[in-house]
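Asks: Have a peek at upload21.cif (mmCIF, C-alpha atoms).
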data_protein
loop_
_atom_site.label_atom_id
_atom_site.label_comp_id
_atom_site.auth_asym_id
_atom_site.auth_seq_id
_atom_site.Cartn_x
_atom_site.Cartn_y
_atom_site.Cartn_z
CA MET A 1 -22.37 -55.04 61.34
CA LYS A 2 -22.30 -55.85 57.68
CA ALA A 3 -25.52 -56.33 55.88
CA PRO A 4 -25.98 -59.89 54.68
CA LYS A 5 -25.24 -60.51 51.04
CA ASP A 6 -28.15 -61.06 48.71
CA ILE A 7 -28.89 -64.76 48.48
CA VAL A 8 -28.78 -65.91 44.87
CA PRO A 9 -30.69 -69.16 44.29
CA SER A 10 -28.82 -71.85 42.46
CA ALA A 11 -30.05 -73.14 39.12
CA ARG A 12 -31.39 -76.24 40.88
CA GLU A 13 -33.31 -74.13 43.40
CA ARG A 14 -34.72 -71.86 40.69
CA LEU A 15 -35.94 -74.91 38.77
CA PHE A 16 -37.62 -76.33 41.86
CA ILE A 17 -39.36 -72.99 42.59
CA THR A 18 -40.59 -72.83 38.99
CA VAL A 19 -42.04 -76.34 39.26
CA LEU A 20 -43.82 -75.44 42.51
CA LEU A 21 -45.30 -72.30 40.98
CA CYS A 22 -46.53 -74.28 37.98
CA ALA A 23 -48.08 -76.86 40.29
CA THR A 24 -49.82 -74.13 42.30
CA SER A 25 -51.15 -72.58 39.12
CA ILE A 26 -52.47 -75.92 37.86
CA ILE A 27 -54.19 -76.71 41.15
CA SER A 28 -55.73 -73.27 41.33
CA SER A 29 -57.07 -73.46 37.81
CA CYS A 30 -58.58 -76.91 38.35
CA THR A 31 -60.05 -76.49 41.82
CA GLY A 32 -63.12 -74.55 40.76
CA SER A 33 -63.75 -76.45 37.53
CA LEU A 34 -67.06 -78.06 36.71
CA ALA A 35 -65.50 -81.52 36.57
CA THR A 36 -64.06 -81.11 40.05
CA LYS A 37 -67.36 -79.89 41.52
CA GLY A 38 -69.32 -82.65 39.84
CA ARG A 39 -66.80 -85.27 40.86
CA ASN A 40 -66.84 -84.15 44.48
CA LEU A 41 -70.64 -84.19 44.59
CA ILE A 42 -70.81 -87.67 43.05
CA GLU A 43 -68.15 -88.94 45.47
CA LYS A 44 -70.25 -87.67 48.36
CA GLY A 45 -73.40 -89.25 46.95
CA GLU A 46 -75.04 -85.86 46.35
CA TYR A 47 -76.45 -86.84 42.99
CA VAL A 48 -79.28 -84.31 42.87
CA GLU A 49 -76.79 -81.46 43.26
CA ALA A 50 -74.48 -83.01 40.66
CA ILE A 51 -77.37 -83.36 38.22
CA ASP A 52 -78.26 -79.72 38.79
CA ILE A 53 -74.70 -78.53 38.05
CA TYR A 54 -74.33 -80.62 34.88
CA SER A 55 -77.87 -79.76 33.70
CA ARG A 56 -77.09 -76.05 33.93
CA GLU A 57 -73.83 -76.63 32.09
CA VAL A 58 -75.38 -78.51 29.15
CA ALA A 59 -78.16 -75.92 28.98
CA LYS A 60 -75.49 -73.27 28.38
CA ASN A 61 -73.19 -75.49 26.30
CA PRO A 62 -75.28 -78.24 24.65
CA ASP A 63 -72.34 -79.32 22.47
CA LYS A 64 -70.14 -80.12 25.46
CA LYS A 65 -70.03 -83.90 25.15
CA ASP A 66 -68.12 -84.54 28.39
CA SER A 67 -70.80 -82.79 30.43
CA TRP A 68 -73.53 -84.94 28.89
CA ARG A 69 -71.57 -88.07 29.78
CA GLU A 70 -71.05 -86.98 33.38
CA LEU A 71 -74.69 -85.91 33.66
CA ALA A 72 -75.65 -89.41 32.50
CA PHE A 73 -73.44 -90.95 35.19
CA ALA A 74 -75.03 -88.76 37.88
CA TYR A 75 -78.51 -89.79 36.72
CA TYR A 76 -77.37 -93.41 36.72
CA LYS A 77 -76.07 -93.18 40.28
CA LYS A 78 -79.39 -91.66 41.36
CA GLY A 79 -81.27 -94.52 39.68
CA GLU A 80 -83.00 -92.35 37.08
CA TYR A 81 -82.26 -94.53 34.06
CA PRO A 82 -84.44 -92.82 31.41
CA GLY A 83 -82.69 -89.51 32.10
CA ALA A 84 -79.33 -91.29 32.11
CA LEU A 85 -80.00 -92.87 28.69
CA GLU A 86 -81.17 -89.59 27.21
CA ALA A 87 -77.99 -87.87 28.41
CA ILE A 88 -75.57 -90.61 27.38
CA ASN A 89 -77.01 -90.58 23.85
CA LYS A 90 -75.80 -86.97 23.56
CA ALA A 91 -72.28 -87.75 24.76
CA ASP A 92 -69.27 -88.49 22.56
CA GLN A 93 -70.12 -91.66 20.64
CA THR A 94 -66.48 -92.44 19.91
CA ASP A 95 -65.36 -92.52 23.54
CA PRO A 96 -65.20 -95.95 25.25
CA SER A 97 -66.31 -94.41 28.54
CA THR A 98 -69.59 -93.41 26.87
CA PHE A 99 -70.33 -97.03 26.03
CA LEU A 100 -69.16 -98.21 29.44
CA CYS A 101 -71.62 -95.79 31.05
CA ARG A 102 -74.39 -96.89 28.67
CA GLY A 103 -73.69 -100.53 29.56
CA LEU A 104 -74.02 -99.78 33.28
CA ILE A 105 -77.29 -97.92 32.72
CA LEU A 106 -78.82 -100.66 30.56
CA GLU A 107 -77.72 -103.47 32.85
CA SER A 108 -79.14 -101.73 35.91
CA SER A 109 -82.42 -101.14 34.06
CA GLY A 110 -82.68 -104.88 33.28
CA ASP A 111 -81.81 -104.82 29.56
CA ASP A 112 -78.92 -107.30 29.57
CA GLU A 113 -79.00 -107.83 25.79
CA GLN A 114 -78.40 -104.16 25.02
CA ALA A 115 -75.95 -103.88 27.94
CA ILE A 116 -73.85 -106.64 26.39
CA LYS A 117 -73.85 -104.73 23.10
CA ALA A 118 -72.82 -101.49 24.84
CA TYR A 119 -69.96 -103.14 26.73
CA SER A 120 -68.83 -104.87 23.53
CA ASP A 121 -68.92 -101.53 21.69
CA ALA A 122 -66.74 -100.02 24.43
CA LEU A 123 -64.04 -102.58 23.59
CA THR A 124 -63.98 -101.50 19.93
CA PHE A 125 -62.90 -97.96 20.90
CA ASN A 126 -59.64 -99.00 22.57
CA PRO A 127 -60.19 -98.36 26.29
CA GLY A 128 -57.25 -98.47 28.69
CA GLU A 129 -55.76 -101.82 29.60
CA LYS A 130 -57.36 -101.96 33.06
CA THR A 131 -60.76 -100.88 31.71
CA ARG A 132 -60.59 -103.46 28.92
CA ALA A 133 -59.76 -106.26 31.37
CA LEU A 134 -62.63 -105.34 33.69
CA ILE A 135 -65.16 -105.07 30.85
CA LYS A 136 -64.14 -108.45 29.41
CA SER A 137 -64.32 -110.09 32.82
CA HIS A 138 -67.80 -108.71 33.44
CA LEU A 139 -68.95 -109.46 29.88
CA ASP A 140 -68.01 -113.12 30.24
CA VAL A 141 -70.33 -113.72 33.18
CA LEU A 142 -73.06 -111.43 31.78
CA ILE A 143 -73.10 -113.27 28.44
CA ARG A 144 -73.09 -116.68 30.11
CA THR A 145 -75.92 -115.67 32.43
CA SER A 146 -77.94 -114.22 29.56
CA LEU A 147 -77.49 -117.30 27.35
CA GLN A 148 -78.27 -119.64 30.23
CA GLY A 149 -81.48 -117.70 30.77
CA GLU A 150 -82.41 -118.08 27.10
CA ILE A 151 -81.78 -121.82 27.23
CA ASP A 152 -83.70 -122.28 30.48
CA ASN A 153 -86.62 -120.36 29.02
CA ALA A 154 -86.57 -122.38 25.79
CA VAL A 155 -86.47 -125.71 27.65
CA ALA A 156 -89.30 -124.63 29.96
CA GLN A 157 -91.48 -123.59 27.00
CA GLU A 158 -90.32 -126.29 24.59
CA SER A 159 -93.85 -127.52 23.93
CA THR A 160 -94.87 -124.09 22.66
CA LEU A 161 -91.91 -123.53 20.32
CA VAL A 162 -92.91 -123.34 16.65
CA SER A 163 -90.13 -124.39 14.27
CA SER A 164 -91.75 -122.71 11.26
CA GLU A 165 -91.36 -119.31 12.94
CA ILE A 166 -87.57 -119.61 13.18
CA PRO A 167 -85.79 -117.50 10.51
CA ASP A 168 -84.59 -119.57 7.54
CA ASN A 169 -81.05 -118.14 7.58
CA THR A 170 -80.25 -119.28 11.14
CA ILE A 171 -77.68 -122.02 11.54
CA ALA A 172 -75.98 -123.73 14.47
CA VAL A 173 -72.84 -125.85 14.37
CA VAL A 174 -72.94 -128.46 17.13
CA LYS A 175 -70.33 -130.83 18.46
CA PHE A 176 -68.74 -133.16 15.91
CA ASP A 177 -68.24 -136.80 16.92
CA GLY A 178 -64.66 -138.04 17.06
CA THR A 179 -65.16 -140.85 19.57
CA LEU A 180 -64.36 -143.54 17.00
CA LEU A 181 -60.90 -142.10 16.35
CA PRO A 182 -57.84 -143.02 18.41
CA LYS A 183 -57.75 -141.13 21.71
CA GLU A 184 -54.79 -138.97 20.70
CA THR A 185 -56.45 -137.75 17.49
CA ALA A 186 -60.11 -137.64 18.60
CA PRO A 187 -59.95 -133.91 19.56
CA ILE A 188 -59.55 -132.92 15.88
CA ALA A 189 -63.33 -133.28 15.67
CA ALA A 190 -63.62 -130.19 17.88
CA GLY A 191 -61.11 -128.30 15.75
CA ILE A 192 -62.91 -129.17 12.50
CA GLY A 193 -66.23 -128.15 14.03
CA GLU A 194 -64.79 -124.79 15.13
CA PHE A 195 -63.26 -124.10 11.71
CA THR A 196 -66.63 -124.93 10.14
CA MET A 197 -68.46 -122.47 12.38
CA VAL A 198 -65.90 -119.75 11.65
CA ASP A 199 -66.11 -120.34 7.90
CA LEU A 200 -69.92 -120.22 7.83
CA SER A 201 -69.86 -117.00 9.87
CA LYS A 202 -67.99 -115.35 6.99
CA VAL A 203 -71.14 -115.48 4.84
CA GLU A 204 -73.05 -112.32 5.68
CA THR A 205 -76.48 -113.70 4.84
CA LEU A 206 -76.26 -116.41 7.51
CA ARG A 207 -76.96 -115.90 11.22
CA LEU A 208 -74.79 -118.20 13.31
CA VAL A 209 -75.81 -119.26 16.81
CA GLU A 210 -73.07 -118.40 19.32
CA ARG A 211 -70.78 -121.32 20.16
CA LEU A 212 -71.18 -120.63 23.86
CA LYS A 213 -74.97 -120.93 23.57
CA VAL A 214 -74.56 -124.29 21.86
CA GLU A 215 -72.23 -125.47 24.63
CA ILE A 216 -74.66 -124.37 27.35
CA LEU A 217 -77.55 -126.23 25.71
CA LEU A 218 -75.51 -129.41 25.24
CA LYS A 219 -74.60 -129.33 28.92
CA GLU A 220 -78.26 -128.76 29.79
CA LEU A 221 -79.20 -131.83 27.72
CA GLU A 222 -76.22 -133.79 29.11
CA ILE A 223 -74.73 -134.18 25.65
CA ALA A 224 -71.58 -132.12 26.20
CA SER A 225 -69.43 -134.96 27.56
CA SER A 226 -70.91 -137.64 25.28
CA ALA A 227 -70.70 -138.23 21.56
CA ALA A 228 -71.80 -135.55 19.13
CA VAL A 229 -75.40 -134.63 18.52
CA ASP A 230 -77.08 -137.45 16.62
CA PRO A 231 -78.97 -136.25 13.51
CA ALA A 232 -82.12 -137.62 15.15
CA GLN A 233 -81.60 -135.21 18.07
CA ALA A 234 -80.71 -132.24 15.87
CA PRO A 235 -84.27 -130.96 15.24
CA ARG A 236 -84.90 -130.65 18.98
CA VAL A 237 -81.53 -129.01 19.49
CA GLY A 238 -82.28 -126.60 16.65
CA ARG A 239 -85.65 -125.60 18.12
CA LEU A 240 -84.14 -124.95 21.54
CA LEU A 241 -81.33 -122.90 19.99
CA GLY A 242 -83.71 -120.96 17.74
CA SER A 243 -81.95 -122.25 14.62
CA LYS A 244 -83.63 -123.48 11.44
CA ASN A 245 -80.54 -125.47 10.43
CA VAL A 246 -78.12 -127.61 12.41
CA VAL A 247 -74.71 -128.74 11.18
CA THR A 248 -73.05 -131.77 12.71
CA GLY A 249 -70.40 -134.25 11.65
CA LYS A 250 -68.83 -137.60 12.37
CA LEU A 251 -65.21 -138.69 12.02
CA VAL A 252 -64.25 -142.36 11.75
CA GLY A 253 -60.96 -144.12 11.13
CA ALA A 254 -60.08 -144.91 7.51
CA GLY A 255 -56.78 -146.75 7.86
CA VAL A 256 -53.52 -145.99 9.61
CA GLU A 257 -53.55 -142.32 10.72
CA ARG A 258 -56.37 -141.57 8.33
CA PHE A 259 -59.98 -140.58 8.93
CA ARG A 260 -63.21 -140.03 7.05
CA LEU A 261 -65.41 -136.97 7.60
CA ASP A 262 -69.17 -137.11 7.07
CA GLY A 263 -71.10 -133.88 7.59
CA ALA A 264 -74.85 -133.45 7.93
CA LEU A 265 -77.21 -130.48 7.55
CA VAL A 266 -80.44 -131.07 9.47
CA ASN A 267 -83.59 -129.02 8.97
CA THR A 268 -85.28 -128.23 12.28
CA THR A 269 -88.78 -127.90 10.82
CA ASP A 270 -89.19 -131.22 8.99
CA ALA A 271 -86.25 -133.18 10.51
CA SER A 272 -84.88 -133.85 7.03
CA SER A 273 -81.12 -134.13 6.65
CA LYS A 274 -78.64 -133.87 3.83
CA LEU A 275 -75.25 -135.55 4.04
CA THR A 276 -72.17 -133.87 2.63
CA GLU A 277 -69.86 -135.71 0.29
CA PRO A 278 -67.58 -137.95 2.44
CA GLY A 279 -63.97 -136.84 2.55
CA GLU A 280 -60.87 -138.78 3.57
CA ALA A 281 -57.66 -137.29 4.94
CA GLY A 282 -54.50 -138.24 6.72
CA LEU A 283 -52.97 -136.40 9.63
CA VAL A 284 -51.67 -133.73 7.28
CA LEU A 285 -53.00 -130.22 7.76
CA ASP A 286 -53.60 -129.49 4.09
CA GLN A 287 -55.63 -132.69 3.73
CA ILE A 288 -57.65 -131.97 6.88
CA LEU A 289 -58.47 -128.47 5.69
CA GLN A 290 -59.32 -129.72 2.20
CA VAL A 291 -62.07 -132.08 3.42
CA GLN A 292 -63.31 -129.50 5.97
CA LYS A 293 -63.60 -126.74 3.36
CA ALA A 294 -65.33 -129.11 0.90
CA MET A 295 -67.91 -129.89 3.59
CA VAL A 296 -68.53 -126.14 4.16
CA PHE A 297 -69.21 -125.54 0.46
CA ASP A 298 -71.55 -128.54 0.35
CA ILE A 299 -73.50 -127.06 3.27
CA LEU A 300 -73.75 -123.68 1.53
CA GLU A 301 -75.01 -125.39 -1.62
CA TYR A 302 -77.67 -127.27 0.36
CA LEU A 303 -78.75 -123.98 1.94
CA GLY A 304 -79.07 -122.39 -1.48
CA VAL A 305 -76.41 -119.81 -0.60
CA GLN A 306 -74.04 -118.66 -3.32
CA PRO A 307 -70.90 -117.27 -1.61
CA SER A 308 -69.29 -114.23 -3.15
CA ASP A 309 -65.74 -114.43 -4.47
CA ALA A 310 -64.60 -112.57 -1.34
CA ASN A 311 -66.48 -115.07 0.86
CA ARG A 312 -64.94 -117.98 -1.01
CA ASP A 313 -61.42 -116.59 -0.69
CA SER A 314 -61.94 -115.91 3.01
CA ILE A 315 -63.25 -119.43 3.63
CA MET A 316 -60.25 -120.93 1.83
CA THR A 317 -57.80 -119.00 4.01
CA LYS A 318 -55.78 -121.32 6.28
CA PRO A 319 -56.21 -120.48 9.97
CA THR A 320 -52.78 -121.98 10.67
CA GLU A 321 -49.88 -123.52 8.81
CA SER A 322 -48.96 -125.94 11.61
CA LEU A 323 -50.51 -129.36 12.22
CA GLU A 324 -49.12 -129.35 15.76
CA ALA A 325 -50.78 -125.99 16.42
CA PHE A 326 -54.09 -127.34 15.08
CA LEU A 327 -53.90 -130.42 17.29
CA ALA A 328 -53.13 -128.36 20.41
CA PHE A 329 -55.94 -125.92 19.50
CA SER A 330 -58.37 -128.83 19.14
CA ARG A 331 -57.39 -130.23 22.54
CA GLY A 332 -57.89 -126.78 24.03
CA LEU A 333 -61.43 -126.63 22.64
CA GLU A 334 -62.22 -130.02 24.16
CA PHE A 335 -61.03 -128.81 27.56
CA MET A 336 -63.07 -125.61 27.21
CA MET A 337 -66.26 -127.60 26.58
CA LEU A 338 -65.54 -129.61 29.72
CA GLY A 339 -64.94 -126.48 31.78
CA MET A 340 -61.27 -127.40 32.29
CA TYR A 341 -59.98 -123.88 31.70
CA GLU A 342 -56.48 -124.28 33.12
CA GLU A 343 -55.80 -127.24 30.83
CA ALA A 344 -57.31 -125.31 27.90
CA ILE A 345 -54.97 -122.37 28.59
CA GLU A 346 -51.99 -124.70 28.45
CA GLN A 347 -53.06 -126.12 25.07
CA PHE A 348 -53.82 -122.76 23.48
CA ARG A 349 -50.43 -121.48 24.62
CA LEU A 350 -48.84 -124.55 23.07
CA ALA A 351 -50.68 -123.87 19.81
CA LEU A 352 -49.25 -120.34 19.77
CA GLN A 353 -45.76 -121.68 20.41
CA TYR A 354 -46.09 -123.70 17.20
CA ASP A 355 -47.72 -120.83 15.28
CA GLY A 356 -47.54 -117.36 16.80
CA GLY A 357 -49.87 -116.00 14.12
CA PHE A 358 -52.72 -118.43 14.88
CA GLU A 359 -55.40 -115.81 15.63
CA LEU A 360 -58.14 -118.26 16.60
CA ALA A 361 -55.86 -119.81 19.21
CA SER A 362 -54.99 -116.36 20.55
CA ALA A 363 -58.69 -115.46 20.87
CA GLN A 364 -59.51 -118.74 22.59
CA LEU A 365 -56.57 -118.31 24.95
CA GLU A 366 -58.00 -114.98 26.07
CA ASN A 367 -61.45 -116.53 26.52
CA ALA A 368 -60.02 -119.39 28.56
CA GLN A 369 -57.96 -117.03 30.72
CA ILE A 370 -60.98 -114.84 31.46
CA ALA A 371 -63.13 -117.87 32.33
CA PHE A 372 -60.39 -119.29 34.57
CA ASP A 373 -59.79 -115.98 36.36
CA ASN A 374 -63.50 -115.45 36.89
CA ARG A 375 -63.83 -118.90 38.39
CA GLN A 376 -60.81 -118.39 40.66
CA PHE A 377 -61.27 -114.78 41.71
CA GLY A 378 -64.79 -113.80 40.68
CA ALA A 379 -65.91 -111.69 37.75
CA ALA A 380 -65.65 -107.90 37.71
CA THR A 381 -68.77 -106.31 39.20
CA PRO A 382 -70.76 -103.26 38.05
CA PHE A 383 -69.36 -101.45 41.11
CA GLN A 384 -65.80 -102.04 39.88
CA LEU A 385 -66.79 -100.81 36.42
CA GLU A 386 -68.28 -97.67 38.02
CA ASN A 387 -65.02 -96.96 39.79
CA GLN A 388 -63.01 -97.51 36.63
CA PHE A 389 -65.35 -95.19 34.69
CA PHE A 390 -64.82 -92.60 37.41
CA LEU A 391 -61.03 -92.92 37.12
CA ASP A 392 -61.07 -92.84 33.31
CA VAL A 393 -63.30 -89.77 33.11
CA PHE A 394 -62.18 -87.55 35.96
CA ASN A 395 -58.49 -88.37 35.77
CA GLN A 396 -58.44 -87.04 32.22
CA GLY A 397 -58.19 -83.61 33.79
CA LEU A 398 -54.97 -84.56 35.49
CA GLY A 399 -52.97 -84.39 32.29
CA ASN A 400 -50.89 -81.42 33.43
CA GLY A 401 -50.45 -82.94 36.86
CA GLU A 402 -49.21 -86.14 35.29
CA MET A 403 -46.78 -84.11 33.20
CA LEU A 404 -45.56 -82.52 36.41
CA THR A 405 -45.18 -85.93 38.03
CA ASN A 406 -43.20 -87.25 35.08
CA PHE A 407 -41.01 -84.15 35.11
CA ILE A 408 -40.19 -84.59 38.80
CA ASP A 409 -39.64 -88.32 38.36
CA ASN A 410 -37.19 -87.74 35.53
CA SER A 411 -35.26 -84.96 37.22
CA ASP A 412 -32.96 -84.87 40.25
CA ILE A 413 -35.03 -82.29 42.11
CA LEU A 414 -35.98 -84.84 44.74
CA GLN A 415 -33.11 -86.19 46.80
CA PRO A 416 -32.04 -89.68 45.73
CA GLY A 417 -33.81 -92.30 47.80
CA ASN A 418 -36.77 -90.08 48.70
CA GLU A 419 -40.18 -91.57 48.01
CA ASN A 420 -42.01 -89.77 45.24
CA PRO A 421 -44.89 -87.94 46.96
CA THR A 422 -46.76 -87.43 43.66
CA ARG A 423 -47.38 -91.11 43.10
CA LEU A 424 -51.11 -91.78 42.82
CA PRO A 425 -52.68 -94.56 44.89
CA ASN A 426 -53.43 -97.83 43.15
CA LYS A 427 -56.79 -98.28 44.87
CA PRO A 428 -59.69 -96.78 42.85
CA PRO A 429 -62.07 -94.37 44.52
CA GLN A 430 -65.21 -95.77 46.11
CA VAL A 431 -67.72 -93.76 44.11
CA GLY A 432 -70.52 -92.36 46.22
CA GLN A 433 -69.39 -94.18 49.33
CA GLY A 434 -68.07 -91.29 51.40
CA ARG A 435 -65.71 -88.38 51.52
CA THR A 436 -62.12 -88.52 50.38
CA SER A 437 -59.35 -86.69 52.15
CA ALA A 438 -55.62 -86.30 51.69
CA ALA A 439 -52.99 -85.60 54.30
CA VAL A 440 -49.99 -83.46 53.39
CA THR A 441 -46.95 -83.92 55.62
CA GLY A 442 -43.50 -82.42 55.70
CA ASN A 443 -41.86 -79.10 56.40
CA ILE A 444 -43.64 -76.86 53.90
CA ASP A 445 -41.73 -73.73 54.86
CA GLY A 446 -38.37 -75.41 54.59
CA ASP A 447 -37.17 -74.15 57.99
#
Mind converting the file's structure to structure tokens?
Replies:
Amino acid sequence: MKAPKDIVPSARERLFITVLLCATSIISSCTGSLATKGRNLIEKGEYVEAIDIYSREVAKNPDKKDSWRELAFAYYKKGEYPGALEAINKADQTDPSTFLCRGLILESSGDDEQAIKAYSDALTFNPGEKTRALIKSHLDVLIRTSLQGEIDNAVAQESTLVSSEIPDNTIAVVKFDGTLLPKETAPIAAGIGEFTMVDLSKVETLRLVERLKVEILLKELEIASSAAVDPAQAPRVGRLLGSKNVVTGKLVGAGVERFRLDGALVNTTDASSKLTEPGEAGLVLDQILQVQKAMVFDILEYLGVQPSDANRDSIMTKPTESLEAFLAFSRGLEFMMLGMYEEAIEQFRLALQYDGGFELASAQLENAQIAFDNRQFGAATPFQLENQFFLDVFNQGLGNGEMLTNFIDNSDILQPGNENPTRLPNKPPQVGQGRTSAAVTGNIDGD
């Protein structure tokens, strides 16, 4: 009987064996890593053990930023917020996951104001698309809840508010009145008011009250769906908003397709008001912007603020070159104030069709979409943010595995039509909610 010939693997088979050996090496090298041990302990809810592992690691390697961040998360899950804050302050301060973790810690400890800042900071460091969407969704409801709380508190303690204690550089722009204009052009009052707020915010010495806070107060006072704030009401509005100065305006018809703009700066302390120089314009964008910018500079003069050349140039910059885009943007703002987010989305999209570079419309479109989604589907919860943090942090160690996945996906090693077994599940892990297991099926030996 002849001895069988030596079996020589084909090039395809040799490549597949090499890939498997690489995969085995990667898995072996990662299995005993600190990140894996810590992750497994956190997943099982064994936070004390996880804290012990990470504490020993940072004691040996105090410059290891990732370990400080994961130690902070373990402390957070255990409910030990002071320890969590101390640890997160030693983590990488340029990593969005650091700020996401800080936001979770601060929110859970009851400091919503600083939590909002931490979540907002996370967005400035370019987190992943899914992380960004979740943070923005959660921020929307957190900001609204925080501002509503401030307004409720101010209204409840209105009799004790002292106007003279409000900082002199605070200013609020409230709803402009366009009710005397034809119905189709009345929304430009909202657009002019928004441009005014944006322009005043460009002067660094002024502190602008958030537009959303103004909207919440006007709804509280049942002014949101009525005409603009009357100058006689402005001092009360200013006190409740914590603003020393209130800017409002009125638009009236001045002939065929023309209007007149009158602005007013009201002092909250003594209820005095100064009227800006009246300006007339037709439905031509350059004319509209001319009277709006003139009103802004009058307000700055009344405040005793001398804008720098850079401020002046920035204020004079046109937000859009399209009248149609401005009109659609203005209608979108009106719908936003009424809580009609779907209609607002439609108008902001229309504005961007007319002017794709209209940045204010793009920002408002995102705000309207977030508000609409949160109303329809609910805002992202801290638990969802925890899971996303977990994915962002612990999946960073899967870089080689992802390279392997991409290699297999882009090669013909797997038979055509076979499902890719390396595809990761879409569902995020339920952090601290139980054990995770994986089932491996198939003929491993290849018999």
Asks: Which residues match the PyMOL selection byres ((chain A and resi 370) around 10) in the file above, as a tab-separated table (two decimals) with C-alpha atoms, in the frame of the given file?
Replies:
chain	number	residue	atom	x	y	z
A	133	ALA	CA	-59.76	-106.26	31.37
A	134	LEU	CA	-62.63	-105.34	33.69
A	136	LYS	CA	-64.14	-108.45	29.41
A	137	SER	CA	-64.32	-110.09	32.82
A	138	HIS	CA	-67.80	-108.71	33.44
A	139	LEU	CA	-68.95	-109.46	29.88
A	140	ASP	CA	-68.01	-113.12	30.24
A	141	VAL	CA	-70.33	-113.72	33.18
A	341	TYR	CA	-59.98	-123.88	31.70
A	364	GLN	CA	-59.51	-118.74	22.59
A	365	LEU	CA	-56.57	-118.31	24.95
A	366	GLU	CA	-58.00	-114.98	26.07
A	367	ASN	CA	-61.45	-116.53	26.52
A	368	ALA	CA	-60.02	-119.39	28.56
A	369	GLN	CA	-57.96	-117.03	30.72
A	371	ALA	CA	-63.13	-117.87	32.33
A	372	PHE	CA	-60.39	-119.29	34.57
A	373	ASP	CA	-59.79	-115.98	36.36
A	374	ASN	CA	-63.50	-115.45	36.89
A	375	ARG	CA	-63.83	-118.90	38.39
A	376	GLN	CA	-60.81	-118.39	40.66
A	379	ALA	CA	-65.91	-111.69	37.75
Asks: Using all atoms listed in the file, find the one residue out of A:Asp168, A:Glu257, A:Glu194, A:Glu277 that sits nearest to Gly332 (chain A).
Replies: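 Among the listed residues, A:Glu194 lies closest to Gly332 (chain A).
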Asks: Got a sec: who's within 9 Å of Phe73 (chain A), counting all atoms listed in the file, leaving out chain neighbours fewer than 3 positions off, as a ChimeraX atom specification?
Replies: /A:42,68-70,76-78,84,87-88,101-102,105,386
Asks: So how far away is CA of Ser146 (chain A) from CA of Leu85 (chain A), in Å?
Replies: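 Rounded to one decimal, the two atoms are 21.5 Å apart.
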Asks: Could you expand the PyMOL selection byres ((chain A and resi 322) around 8) into the explicit residues it covers here, written as a ChimeraX atom specification?
Replies: /A:285,320-321,323-326,354-355
Asks: Taking all atoms listed in the file into account, name the residue in A:Pro127, A:Pro167, A:Gly253, A:Gly110 that is nearest to Thr268 (chain A).
Replies: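 Closest to Thr268 (chain A), using all atoms listed in the file: A:Pro167.
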Asks: Could you check the closest approach to Asp177 (chain A) for each of A:Thr248, A:Ser55, A:Thr269, A:Asn153 and tell me which residue wins, using all atoms listed in the file?
Replies: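 Using all atoms listed in the file, Asp177 (chain A) sits closest to A:Thr248.
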Asks: To one decimal place, how far is CA of Asn89 (chain A) from CA of Val393 (chain A) in Å?
Replies: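 These two atoms are separated by 16.6 Å.
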Asks: Have a look at CA of Thr205 (chain A) and CA of Asn169 (chain A) and let me know their distance in Å, one decimal.
Replies: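 For CA of Thr205 (chain A) relative to CA of Asn169 (chain A), the distance reads 6.9 Å.
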Asks: Please enumerate the residues selected by the PyMOL selection byres ((chain A and resi 290-295) around 10) when evaluated against the supplied file, formatted as a VMD selection string.
Replies: chain A and resid 192 to 193 195 to 196 199 249 260 to 264 275 to 281 285 to 289 296 to 301 312 315 to 318
Asks: So, counting all atoms listed in the file, which residue among A:Leu100, A:Ala232, A:Val284, A:Leu142 is closest to Phe125 (chain A)?
Replies: A:Leu100
Asks: Please tell me which residues are no farther than 10 Å from (-84.8, -129.9, 21.9) in the file, counting all atoms listed in the file, and write them as a PDB file with C-alpha atoms, keeping the file's coordinate frame.
Replies:
ATOM      1  CA  ALA A 154     -86.570-122.380  25.790  1.00  0.00           C
ATOM      2  CA  VAL A 155     -86.470-125.710  27.650  1.00  0.00           C
ATOM      3  CA  GLU A 158     -90.320-126.290  24.590  1.00  0.00           C
ATOM      4  CA  SER A 159     -93.850-127.520  23.930  1.00  0.00           C
ATOM      5  CA  LEU A 161     -91.910-123.530  20.320  1.00  0.00           C
ATOM      6  CA  LEU A 217     -77.550-126.230  25.710  1.00  0.00           C
ATOM      7  CA  LEU A 218     -75.510-129.410  25.240  1.00  0.00           C
ATOM      8  CA  LEU A 221     -79.200-131.830  27.720  1.00  0.00           C
ATOM      9  CA  GLN A 233     -81.600-135.210  18.070  1.00  0.00           C
ATOM     10  CA  ALA A 234     -80.710-132.240  15.870  1.00  0.00           C
ATOM     11  CA  PRO A 235     -84.270-130.960  15.240  1.00  0.00           C
ATOM     12  CA  ARG A 236     -84.900-130.650  18.980  1.00  0.00           C
ATOM     13  CA  VAL A 237     -81.530-129.010  19.490  1.00  0.00           C
ATOM     14  CA  GLY A 238     -82.280-126.600  16.650  1.00  0.00           C
ATOM     15  CA  ARG A 239     -85.650-125.600  18.120  1.00  0.00           C
ATOM     16  CA  LEU A 240     -84.140-124.950  21.540  1.00  0.00           C
ATOM     17  CA  LEU A 241     -81.330-122.900  19.990  1.00  0.00           C
ATOM     18  CA  GLY A 242     -83.710-120.960  17.740  1.00  0.00           C
ATOM     19  CA  THR A 268     -85.280-128.230  12.280  1.00  0.00           C
TER      20      THR A 268
END
Asks: Measuring atom to atom with all atoms listed in the file, identify which of A:Asn245, A:Gln157, A:Ser314, A:Gln388 is nearest to Leu206 (chain A).
Replies: A:Asn245
